[in-house]
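Trainee: Next comes the structure file work-v7.cif, holding mmCIF, C-alpha atoms and all ligand atoms; chains and numbers go by the auth columns.
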data_structure
#
loop_
_atom_site.group_PDB
_atom_site.id
_atom_site.type_symbol
_atom_site.label_atom_id
_atom_site.label_comp_id
_atom_site.label_asym_id
_atom_site.label_seq_id
_atom_site.Cartn_x
_atom_site.Cartn_y
_atom_site.Cartn_z
_atom_site.B_iso_or_equiv
_atom_site.auth_seq_id
_atom_site.auth_asym_id
ATOM 1 C CA MET A 1 -1.783 3.835 -28.248 0.00 1 R
ATOM 2 C CA SER A 2 -3.470 7.190 -27.749 0.00 2 R
ATOM 3 C CA THR A 3 -6.898 5.521 -27.994 0.00 3 R
ATOM 4 C CA GLU A 4 -6.156 3.981 -24.599 0.00 4 R
ATOM 5 C CA LYS A 5 -6.016 7.314 -22.820 0.00 5 R
ATOM 6 C CA GLN A 6 -9.433 6.647 -21.340 0.00 6 R
ATOM 7 C CA LEU A 7 -8.077 3.621 -19.423 0.00 7 R
ATOM 8 C CA PRO A 8 -7.667 4.168 -15.690 0.00 8 R
ATOM 9 C CA SER A 9 -4.122 5.340 -15.420 0.00 9 R
ATOM 10 C CA THR A 10 -2.358 3.668 -12.552 0.00 10 R
ATOM 11 C CA ARG A 11 -1.549 6.519 -10.218 0.00 11 R
ATOM 12 C CA THR A 12 0.419 8.528 -12.730 0.00 12 R
ATOM 13 C CA THR A 13 -0.028 11.728 -10.716 0.00 13 R
ATOM 14 C CA GLU A 14 1.265 10.123 -7.521 0.00 14 R
ATOM 15 C CA LEU A 15 4.253 8.648 -9.330 0.00 15 R
ATOM 16 C CA ASP A 16 4.987 11.987 -10.934 0.00 16 R
ATOM 17 C CA SER A 17 5.023 13.755 -7.607 0.00 17 R
ATOM 18 C CA ILE A 18 7.432 11.138 -6.224 0.00 18 R
ATOM 19 C CA CYS A 19 9.734 10.978 -9.239 0.00 19 R
ATOM 20 C CA LEU A 20 9.803 14.685 -10.019 0.00 20 R
ATOM 21 C CA ARG A 21 10.718 15.395 -6.415 0.00 21 R
ATOM 22 C CA ALA A 22 13.704 13.114 -6.800 0.00 22 R
ATOM 23 C CA GLU A 23 15.692 13.465 -10.023 0.00 23 R
ATOM 24 C CA VAL A 24 18.091 10.939 -8.513 0.00 24 R
ATOM 25 C CA ILE A 25 16.778 7.993 -6.489 0.00 25 R
ATOM 26 C CA PRO A 26 19.365 6.070 -4.460 0.00 26 R
ATOM 27 C CA VAL A 27 18.865 2.316 -4.804 0.00 27 R
ATOM 28 C CA VAL A 28 19.769 0.992 -1.366 0.00 28 R
ATOM 29 C CA THR A 29 20.418 -2.538 -0.104 0.00 29 R
ATOM 30 C CA ILE A 30 20.510 -2.950 3.677 0.00 30 R
ATOM 31 C CA GLU A 31 22.484 -5.917 5.036 0.00 31 R
ATOM 32 C CA ARG A 32 22.364 -4.877 8.724 0.00 32 R
ATOM 33 C CA LEU A 33 19.119 -3.591 10.143 0.00 33 R
ATOM 34 C CA GLU A 34 20.907 -1.067 12.357 0.00 34 R
ATOM 35 C CA ASP A 35 22.216 0.702 9.240 0.00 35 R
ATOM 36 C CA ALA A 36 18.728 1.574 7.978 0.00 36 R
ATOM 37 C CA ILE A 37 18.043 4.760 9.940 0.00 37 R
ATOM 38 C CA PRO A 38 21.530 6.359 9.838 0.00 38 R
ATOM 39 C CA LEU A 39 21.836 5.594 6.128 0.00 39 R
ATOM 40 C CA GLY A 40 18.373 6.954 5.352 0.00 40 R
ATOM 41 C CA ARG A 41 19.070 10.035 7.468 0.00 41 R
ATOM 42 C CA ALA A 42 22.364 10.691 5.633 0.00 42 R
ATOM 43 C CA LEU A 43 20.558 10.561 2.276 0.00 43 R
ATOM 44 C CA VAL A 44 17.720 12.831 3.384 0.00 44 R
ATOM 45 C CA GLU A 45 20.108 15.328 4.976 0.00 45 R
ATOM 46 C CA GLY A 46 22.191 15.268 1.813 0.00 46 R
ATOM 47 C CA GLY A 47 19.101 16.231 -0.171 0.00 47 R
ATOM 48 C CA LEU A 48 17.944 12.879 -1.592 0.00 48 R
ATOM 49 C CA ALA A 49 14.632 12.148 0.108 0.00 49 R
ATOM 50 C CA VAL A 50 13.209 9.567 -2.296 0.00 50 R
ATOM 51 C CA ILE A 51 14.792 6.179 -1.676 0.00 51 R
ATOM 52 C CA GLU A 52 14.322 2.751 -3.268 0.00 52 R
ATOM 53 C CA LEU A 53 15.085 0.081 -0.691 0.00 53 R
ATOM 54 C CA THR A 54 15.589 -3.278 -2.374 0.00 54 R
ATOM 55 C CA LEU A 55 13.950 -6.406 -0.972 0.00 55 R
ATOM 56 C CA ARG A 56 17.158 -8.359 -1.497 0.00 56 R
ATOM 57 C CA THR A 57 18.000 -9.049 2.131 0.00 57 R
ATOM 58 C CA ASP A 58 16.176 -10.691 5.029 0.00 58 R
ATOM 59 C CA CYS A 59 15.965 -7.457 6.998 0.00 59 R
ATOM 60 C CA ALA A 60 14.759 -5.302 4.085 0.00 60 R
ATOM 61 C CA LEU A 61 11.076 -5.060 5.070 0.00 61 R
ATOM 62 C CA GLU A 62 11.857 -4.209 8.672 0.00 62 R
ATOM 63 C CA ALA A 63 14.472 -1.697 7.450 0.00 63 R
ATOM 64 C CA LEU A 64 11.831 -0.069 5.255 0.00 64 R
ATOM 65 C CA LYS A 65 9.390 0.151 8.158 0.00 65 R
ATOM 66 C CA ARG A 66 11.989 1.714 10.458 0.00 66 R
ATOM 67 C CA MET A 67 13.191 4.198 7.845 0.00 67 R
ATOM 68 C CA ASN A 68 9.657 5.366 7.142 0.00 68 R
ATOM 69 C CA GLU A 69 8.826 5.730 10.829 0.00 69 R
ATOM 70 C CA ALA A 70 12.042 7.511 11.796 0.00 70 R
ATOM 71 C CA LEU A 71 12.340 9.774 8.759 0.00 71 R
ATOM 72 C CA PRO A 72 9.056 11.507 8.031 0.00 72 R
ATOM 73 C CA ARG A 73 10.648 13.628 5.289 0.00 73 R
ATOM 74 C CA ALA A 74 11.757 10.536 3.403 0.00 74 R
ATOM 75 C CA CYS A 75 9.701 8.822 0.726 0.00 75 R
ATOM 76 C CA VAL A 76 10.788 5.190 0.868 0.00 76 R
ATOM 77 C CA GLY A 77 9.742 2.657 -1.740 0.00 77 R
ATOM 78 C CA ALA A 78 10.335 -1.086 -1.951 0.00 78 R
ATOM 79 C CA GLY A 79 12.524 -2.218 -4.829 0.00 79 R
ATOM 80 C CA THR A 80 13.222 -5.619 -6.388 0.00 80 R
ATOM 81 C CA VAL A 81 9.579 -6.613 -5.935 0.00 81 R
ATOM 82 C CA LEU A 82 9.204 -9.806 -7.975 0.00 82 R
ATOM 83 C CA THR A 83 5.805 -11.186 -6.957 0.00 83 R
ATOM 84 C CA PRO A 84 2.380 -10.026 -5.727 0.00 84 R
ATOM 85 C CA ALA A 85 3.234 -11.633 -2.354 0.00 85 R
ATOM 86 C CA GLN A 86 6.245 -9.322 -2.003 0.00 86 R
ATOM 87 C CA TYR A 87 4.136 -6.403 -3.210 0.00 87 R
ATOM 88 C CA ARG A 88 1.670 -7.125 -0.392 0.00 88 R
ATOM 89 C CA GLN A 89 4.498 -7.309 2.147 0.00 89 R
ATOM 90 C CA ALA A 90 5.770 -3.952 0.906 0.00 90 R
ATOM 91 C CA GLU A 91 2.285 -2.445 1.364 0.00 91 R
ATOM 92 C CA GLN A 92 2.157 -3.813 4.914 0.00 92 R
ATOM 93 C CA ALA A 93 5.611 -2.404 5.702 0.00 93 R
ATOM 94 C CA GLY A 94 4.383 1.061 4.703 0.00 94 R
ATOM 95 C CA ALA A 95 6.168 1.424 1.364 0.00 95 R
ATOM 96 C CA ASP A 96 5.351 4.717 -0.361 0.00 96 R
ATOM 97 C CA PHE A 97 5.822 3.083 -3.751 0.00 97 R
ATOM 98 C CA VAL A 98 6.910 -0.197 -5.302 0.00 98 R
ATOM 99 C CA VAL A 99 9.559 -0.734 -7.981 0.00 99 R
ATOM 100 C CA THR A 100 9.962 -3.937 -9.965 0.00 100 R
ATOM 101 C CA PRO A 101 12.967 -4.923 -12.094 0.00 101 R
ATOM 102 C CA GLY A 102 10.690 -6.474 -14.743 0.00 102 R
ATOM 103 C CA ALA A 103 6.957 -7.006 -14.926 0.00 103 R
ATOM 104 C CA THR A 104 4.630 -9.963 -15.202 0.00 104 R
ATOM 105 C CA ASP A 105 0.910 -9.955 -15.904 0.00 105 R
ATOM 106 C CA THR A 106 0.222 -10.921 -12.301 0.00 106 R
ATOM 107 C CA LEU A 107 2.231 -7.959 -11.040 0.00 107 R
ATOM 108 C CA TYR A 108 0.621 -5.586 -13.507 0.00 108 R
ATOM 109 C CA ARG A 109 -2.806 -6.796 -12.410 0.00 109 R
ATOM 110 C CA TYR A 110 -2.000 -6.628 -8.712 0.00 110 R
ATOM 111 C CA GLY A 111 -0.616 -3.111 -9.050 0.00 111 R
ATOM 112 C CA VAL A 112 -3.791 -1.765 -10.644 0.00 112 R
ATOM 113 C CA SER A 113 -5.812 -2.363 -7.474 0.00 113 R
ATOM 114 C CA SER A 114 -3.096 -1.734 -4.893 0.00 114 R
ATOM 115 C CA PRO A 115 -3.193 1.463 -2.826 0.00 115 R
ATOM 116 C CA VAL A 116 0.592 1.718 -3.324 0.00 116 R
ATOM 117 C CA PRO A 117 1.702 2.903 -6.786 0.00 117 R
ATOM 118 C CA MET A 118 4.061 0.730 -8.811 0.00 118 R
ATOM 119 C CA LEU A 119 6.862 1.712 -11.130 0.00 119 R
ATOM 120 C CA PRO A 120 7.161 -1.428 -13.265 0.00 120 R
ATOM 121 C CA GLY A 121 10.475 -2.339 -14.861 0.00 121 R
ATOM 122 C CA VAL A 122 10.659 -2.629 -18.635 0.00 122 R
ATOM 123 C CA ALA A 123 13.531 -3.040 -21.059 0.00 123 R
ATOM 124 C CA THR A 124 11.722 -3.373 -24.396 0.00 124 R
ATOM 125 C CA VAL A 125 8.853 -1.775 -26.319 0.00 125 R
ATOM 126 C CA SER A 126 6.827 -4.991 -26.028 0.00 126 R
ATOM 127 C CA GLU A 127 7.060 -4.928 -22.233 0.00 127 R
ATOM 128 C CA LEU A 128 6.117 -1.280 -22.302 0.00 128 R
ATOM 129 C CA MET A 129 3.095 -2.049 -24.465 0.00 129 R
ATOM 130 C CA ALA A 130 1.998 -4.775 -22.041 0.00 130 R
ATOM 131 C CA GLY A 131 2.094 -2.299 -19.152 0.00 131 R
ATOM 132 C CA TRP A 132 0.383 0.358 -21.223 0.00 132 R
ATOM 133 C CA GLN A 133 -2.596 -1.927 -21.740 0.00 133 R
ATOM 134 C CA TYR A 134 -3.077 -2.119 -17.976 0.00 134 R
ATOM 135 C CA GLY A 135 -2.968 1.669 -17.694 0.00 135 R
ATOM 136 C CA TYR A 136 0.663 2.161 -16.678 0.00 136 R
ATOM 137 C CA ARG A 137 2.321 5.315 -17.983 0.00 137 R
ATOM 138 C CA ARG A 138 5.428 5.530 -15.778 0.00 138 R
ATOM 139 C CA PHE A 139 8.157 2.878 -15.854 0.00 139 R
ATOM 140 C CA LYS A 140 11.565 1.951 -14.570 0.00 140 R
ATOM 141 C CA PHE A 141 13.877 1.358 -17.548 0.00 141 R
ATOM 142 C CA PHE A 142 16.070 -1.508 -16.380 0.00 142 R
ATOM 143 C CA PRO A 143 18.837 -2.467 -16.901 0.00 143 R
ATOM 144 C CA ALA A 144 19.286 0.897 -18.596 0.00 144 R
ATOM 145 C CA GLU A 145 22.859 0.785 -19.831 0.00 145 R
ATOM 146 C CA ALA A 146 22.721 -2.870 -20.839 0.00 146 R
ATOM 147 C CA SER A 147 19.413 -2.372 -22.688 0.00 147 R
ATOM 148 C CA GLY A 148 20.479 0.384 -25.028 0.00 148 R
ATOM 149 C CA GLY A 149 20.714 3.368 -22.683 0.00 149 R
ATOM 150 C CA VAL A 150 19.956 6.850 -23.962 0.00 150 R
ATOM 151 C CA ALA A 151 19.555 5.644 -27.557 0.00 151 R
ATOM 152 C CA ALA A 152 16.867 3.137 -26.554 0.00 152 R
ATOM 153 C CA LEU A 153 14.893 5.750 -24.620 0.00 153 R
ATOM 154 C CA LYS A 154 15.013 8.097 -27.599 0.00 154 R
ATOM 155 C CA SER A 155 13.663 5.265 -29.744 0.00 155 R
ATOM 156 C CA PHE A 156 10.842 4.511 -27.234 0.00 156 R
ATOM 157 C CA ALA A 157 9.710 8.142 -27.541 0.00 157 R
ATOM 158 C CA ALA A 158 8.831 7.759 -31.224 0.00 158 R
ATOM 159 C CA PRO A 159 5.995 5.190 -30.901 0.00 159 R
ATOM 160 C CA ILE A 160 5.031 5.988 -27.281 0.00 160 R
ATOM 161 C CA PRO A 161 5.856 9.626 -26.537 0.00 161 R
ATOM 162 C CA GLU A 162 3.610 9.830 -23.437 0.00 162 R
ATOM 163 C CA ALA A 163 5.565 7.186 -21.468 0.00 163 R
ATOM 164 C CA ARG A 164 8.010 8.465 -18.838 0.00 164 R
ATOM 165 C CA PHE A 165 10.931 6.587 -17.334 0.00 165 R
ATOM 166 C CA CYS A 166 13.257 6.255 -14.395 0.00 166 R
ATOM 167 C CA PRO A 167 16.337 4.618 -15.955 0.00 167 R
ATOM 168 C CA THR A 168 18.295 2.432 -13.527 0.00 168 R
ATOM 169 C CA GLY A 169 21.149 -0.021 -13.938 0.00 169 R
ATOM 170 C CA GLY A 170 24.574 1.293 -14.847 0.00 170 R
ATOM 171 C CA ILE A 171 23.784 4.949 -14.119 0.00 171 R
ATOM 172 C CA THR A 172 26.680 6.924 -12.674 0.00 172 R
ATOM 173 C CA MET A 173 27.624 10.493 -11.834 0.00 173 R
ATOM 174 C CA ASP A 174 29.129 10.692 -15.330 0.00 174 R
ATOM 175 C CA ASN A 175 26.209 9.509 -17.459 0.00 175 R
ATOM 176 C CA ALA A 176 23.198 10.625 -15.349 0.00 176 R
ATOM 177 C CA GLU A 177 23.017 14.007 -17.057 0.00 177 R
ATOM 178 C CA SER A 178 22.622 12.491 -20.520 0.00 178 R
ATOM 179 C CA TYR A 179 19.555 10.575 -19.288 0.00 179 R
ATOM 180 C CA LEU A 180 18.055 13.502 -17.358 0.00 180 R
ATOM 181 C CA ALA A 181 18.297 15.643 -20.484 0.00 181 R
ATOM 182 C CA LEU A 182 15.776 13.391 -22.300 0.00 182 R
ATOM 183 C CA PRO A 183 12.171 14.642 -22.357 0.00 183 R
ATOM 184 C CA ASN A 184 10.843 11.180 -21.440 0.00 184 R
ATOM 185 C CA VAL A 185 13.065 10.795 -18.354 0.00 185 R
ATOM 186 C CA MET A 186 11.672 11.926 -14.974 0.00 186 R
ATOM 187 C CA CYS A 187 14.557 10.854 -12.763 0.00 187 R
ATOM 188 C CA VAL A 188 17.328 8.271 -12.625 0.00 188 R
ATOM 189 C CA GLY A 189 18.120 5.640 -10.007 0.00 189 R
ATOM 190 C CA GLY A 190 21.246 3.888 -8.916 0.00 190 R
ATOM 191 C CA SER A 191 23.329 2.284 -6.234 0.00 191 R
ATOM 192 C CA TRP A 192 26.361 4.467 -6.826 0.00 192 R
ATOM 193 C CA ILE A 193 25.234 6.948 -4.158 0.00 193 R
ATOM 194 C CA THR A 194 25.428 4.311 -1.417 0.00 194 R
ATOM 195 C CA PRO A 195 28.603 2.298 -2.116 0.00 195 R
ATOM 196 C CA LYS A 196 28.815 -0.904 -0.084 0.00 196 R
ATOM 197 C CA LYS A 197 32.261 0.135 1.127 0.00 197 R
ATOM 198 C CA LEU A 198 30.884 3.275 2.780 0.00 198 R
ATOM 199 C CA ILE A 199 27.922 1.386 4.289 0.00 199 R
ATOM 200 C CA ASP A 200 30.181 -1.351 5.685 0.00 200 R
ATOM 201 C CA ALA A 201 32.411 1.323 7.218 0.00 201 R
ATOM 202 C CA GLU A 202 29.301 3.084 8.629 0.00 202 R
ATOM 203 C CA ASP A 203 30.607 6.206 6.932 0.00 203 R
ATOM 204 C CA TRP A 204 27.349 8.171 7.106 0.00 204 R
ATOM 205 C CA ASP A 205 29.174 11.487 6.687 0.00 205 R
ATOM 206 C CA GLY A 206 30.669 10.164 3.449 0.00 206 R
ATOM 207 C CA ILE A 207 27.240 9.110 2.186 0.00 207 R
ATOM 208 C CA ARG A 208 25.699 12.435 3.214 0.00 208 R
ATOM 209 C CA GLU A 209 28.455 14.235 1.298 0.00 209 R
ATOM 210 C CA LEU A 210 27.979 12.045 -1.778 0.00 210 R
ATOM 211 C CA ALA A 211 24.220 12.633 -1.653 0.00 211 R
ATOM 212 C CA ARG A 212 24.835 16.368 -1.350 0.00 212 R
ATOM 213 C CA GLN A 213 27.108 16.355 -4.402 0.00 213 R
ATOM 214 C CA VAL A 214 24.493 14.460 -6.383 0.00 214 R
ATOM 215 C CA ALA A 215 21.647 16.713 -5.222 0.00 215 R
ATOM 216 C CA ASP A 216 23.648 19.891 -5.979 0.00 216 R
ATOM 217 C CA ARG A 217 24.587 18.671 -9.395 0.00 217 R
ATOM 218 C CA PHE A 218 21.298 17.240 -10.622 0.00 218 R
ATOM 219 C CA HIS A 219 18.442 18.890 -8.735 0.00 219 R
ATOM 220 C CA HIS A 220 16.860 21.928 -10.275 0.00 220 R
HETATM 221 C C1 LIG B . 18.447 -1.733 -9.407 0.00 1 H
HETATM 222 O O1 LIG B . 17.869 -2.665 -8.888 0.00 1 H
HETATM 223 O O2 LIG B . 17.853 -0.733 -9.791 0.00 1 H
HETATM 224 C C2 LIG B . 19.889 -1.875 -9.687 0.00 1 H
HETATM 225 O O3 LIG B . 20.494 -2.838 -8.919 0.00 1 H
HETATM 226 C C3 LIG B . 20.628 -0.604 -9.591 0.00 1 H
HETATM 227 O O4 LIG B . 21.552 -0.667 -10.579 0.00 1 H
HETATM 228 P P1 LIG B . 23.032 -0.150 -10.349 0.00 1 H
HETATM 229 O O5 LIG B . 23.582 -0.965 -9.211 0.00 1 H
HETATM 230 O O6 LIG B . 23.736 -0.399 -11.643 0.00 1 H
HETATM 231 O O7 LIG B . 22.952 1.313 -10.005 0.00 1 H
#
Kindly return the structure encoded in the file as structure tokens.
Ligand code: 3PG
Mentor:
Amino acid sequence: MSTEKQLPSTRTTELDSICLRAEVIPVVTIERLEDAIPLGRALVEGGLAVIELTLRTDCALEALKRMNEALPRACVGAGTVLTPAQYRQAEQAGADFVVTPGATDTLYRYGVSSPVPMLPGVATVSELMAGWQYGYRRFKFFPAEASGGVAALKSFAAPIPEARFCPTGGITMDNAESYLALPNVMCVGGSWITPKKLIDAEDWDGIRELARQVADRFHH
């Protein structure tokens, strides 16, 4: 794999500056557009400024746009991007980065020429190798717990030690540390910081407090 170092690497430096600023990235799903700004503000004020906003709801793109406009300190990416068409919509909405749960050749190809960096999702060494061939060096490891967790990431490091990951899927306050301790992990992501119950109750203080606990515990 090291012979491919001369390939254009797909915005590794940009992704590093995003991911290393984060350590923990809240994965957020917005059901009501009016929740976007107060929720984003609670996370930023709590100390978690890098946010993955999933494109799983009708209002997600507009929510992303509003969050980015209203919260200049936030770095908001689009998550659950499944197709180049969604990738393009995320670019137009002002996404700072794009995250995909898995990766296809069309997405890998689209991402190489996009101005917005992509963190492609992989769960196996073969998927990782496919991304590597396109120049990708930074990946989301998803679904982390279901795909072998910490043990799998340790195994990935043997054949491909240069790859770095943001594990997501089943990460909690209790197991995040074991991932962050791995040399090939840049940050972790998860929805546990924004529980649906707190969002539905518009409990922004509760979310700010949760974010603060997470930031205090995991940020250097
Ligand atoms: C994602 O898209 O990254 C996941 O939905 C987040 O996984 P989690 O809900 O297990 O944290």
Trainee: Using the chain letters and residue numbers of this document, give as a PyMOL selection string the residues selected by the PyMOL selection byres (((not hetatm)) within 9 of (chain H and resi 1)).
Mentor: chain R and resi 26-29+52+54+79-80+99-101+140-145+167-172+189-193
Trainee: Grab the residues selected above and save them as an mmCIF file, in the coordinates of the input with C-alpha atoms.
Mentor:
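Final output, selection_37.cif:
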data_model
loop_
_atom_site.group_PDB
_atom_site.id
_atom_site.type_symbol
_atom_site.label_atom_id
_atom_site.label_comp_id
_atom_site.auth_asym_id
_atom_site.auth_seq_id
_atom_site.Cartn_x
_atom_site.Cartn_y
_atom_site.Cartn_z
ATOM 1 C CA PRO R 26 19.365 6.070 -4.460
ATOM 2 C CA VAL R 27 18.865 2.316 -4.804
ATOM 3 C CA VAL R 28 19.769 0.992 -1.366
ATOM 4 C CA THR R 29 20.418 -2.538 -0.104
ATOM 5 C CA GLU R 52 14.322 2.751 -3.268
ATOM 6 C CA THR R 54 15.589 -3.278 -2.374
ATOM 7 C CA GLY R 79 12.524 -2.218 -4.829
ATOM 8 C CA THR R 80 13.222 -5.619 -6.388
ATOM 9 C CA VAL R 99 9.559 -0.734 -7.981
ATOM 10 C CA THR R 100 9.962 -3.937 -9.965
ATOM 11 C CA PRO R 101 12.967 -4.923 -12.094
ATOM 12 C CA LYS R 140 11.565 1.951 -14.570
ATOM 13 C CA PHE R 141 13.877 1.358 -17.548
ATOM 14 C CA PHE R 142 16.070 -1.508 -16.380
ATOM 15 C CA PRO R 143 18.837 -2.467 -16.901
ATOM 16 C CA ALA R 144 19.286 0.897 -18.596
ATOM 17 C CA GLU R 145 22.859 0.785 -19.831
ATOM 18 C CA PRO R 167 16.337 4.618 -15.955
ATOM 19 C CA THR R 168 18.295 2.432 -13.527
ATOM 20 C CA GLY R 169 21.149 -0.021 -13.938
ATOM 21 C CA GLY R 170 24.574 1.293 -14.847
ATOM 22 C CA ILE R 171 23.784 4.949 -14.119
ATOM 23 C CA THR R 172 26.680 6.924 -12.674
ATOM 24 C CA GLY R 189 18.120 5.640 -10.007
ATOM 25 C CA GLY R 190 21.246 3.888 -8.916
ATOM 26 C CA SER R 191 23.329 2.284 -6.234
ATOM 27 C CA TRP R 192 26.361 4.467 -6.826
ATOM 28 C CA ILE R 193 25.234 6.948 -4.158
#
Trainee: Just how far from atom CA of Ala49 of chain R is atom CA of Ala90 of chain R, in Å to one decimal?
Mentor: 18.4 Å
Trainee: What are the closest atom pairs, with distances in Å to one decimal, for all residues of segment 41-109 of chain R lying within 12 Å of segment 198-206 of chain R? Consider all atoms listed in the file, order rows by chain and residue number, and present the result as a Markdown table.
Mentor:
| residue | atom | partner | partner_atom | distance |
| --- | --- | --- | --- | --- |
| R:Arg41 | CA | R:Trp204 | CA | 8.5 |
| R:Ala42 | CA | R:Trp204 | CA | 5.8 |
| R:Leu43 | CA | R:Trp204 | CA | 8.7 |
| R:Val44 | CA | R:Trp204 | CA | 11.3 |
| R:Glu45 | CA | R:Asp205 | CA | 10.0 |
| R:Gly46 | CA | R:Asp205 | CA | 9.3 |
Trainee: From the set R:Leu180, R:Met129, R:Val188, R:Leu119, which residue has the shortest atom-to-atom contact distance to Ile160 of chain R, counting only C-alpha atoms?
Mentor: R:Met129
Trainee: So, with only C-alpha atoms as the atoms that count, which of R:Met118, R:Ile37, R:Ala78, R:Ala146 lies closest to Thr13 of chain R?
Mentor: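 Ranking R:Met118, R:Ile37, R:Ala78, R:Ala146 by distance to Thr13 of chain R, first place goes to R:Met118.
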Trainee: Here is a test: counting all atoms listed in the file, which residue of R:Val150, R:Leu71, R:Ile30, R:Val24 is nearest to Arg56 of chain R?
Mentor: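 Ranked by minimum distance to Arg56 of chain R, first place goes to R:Ile30.
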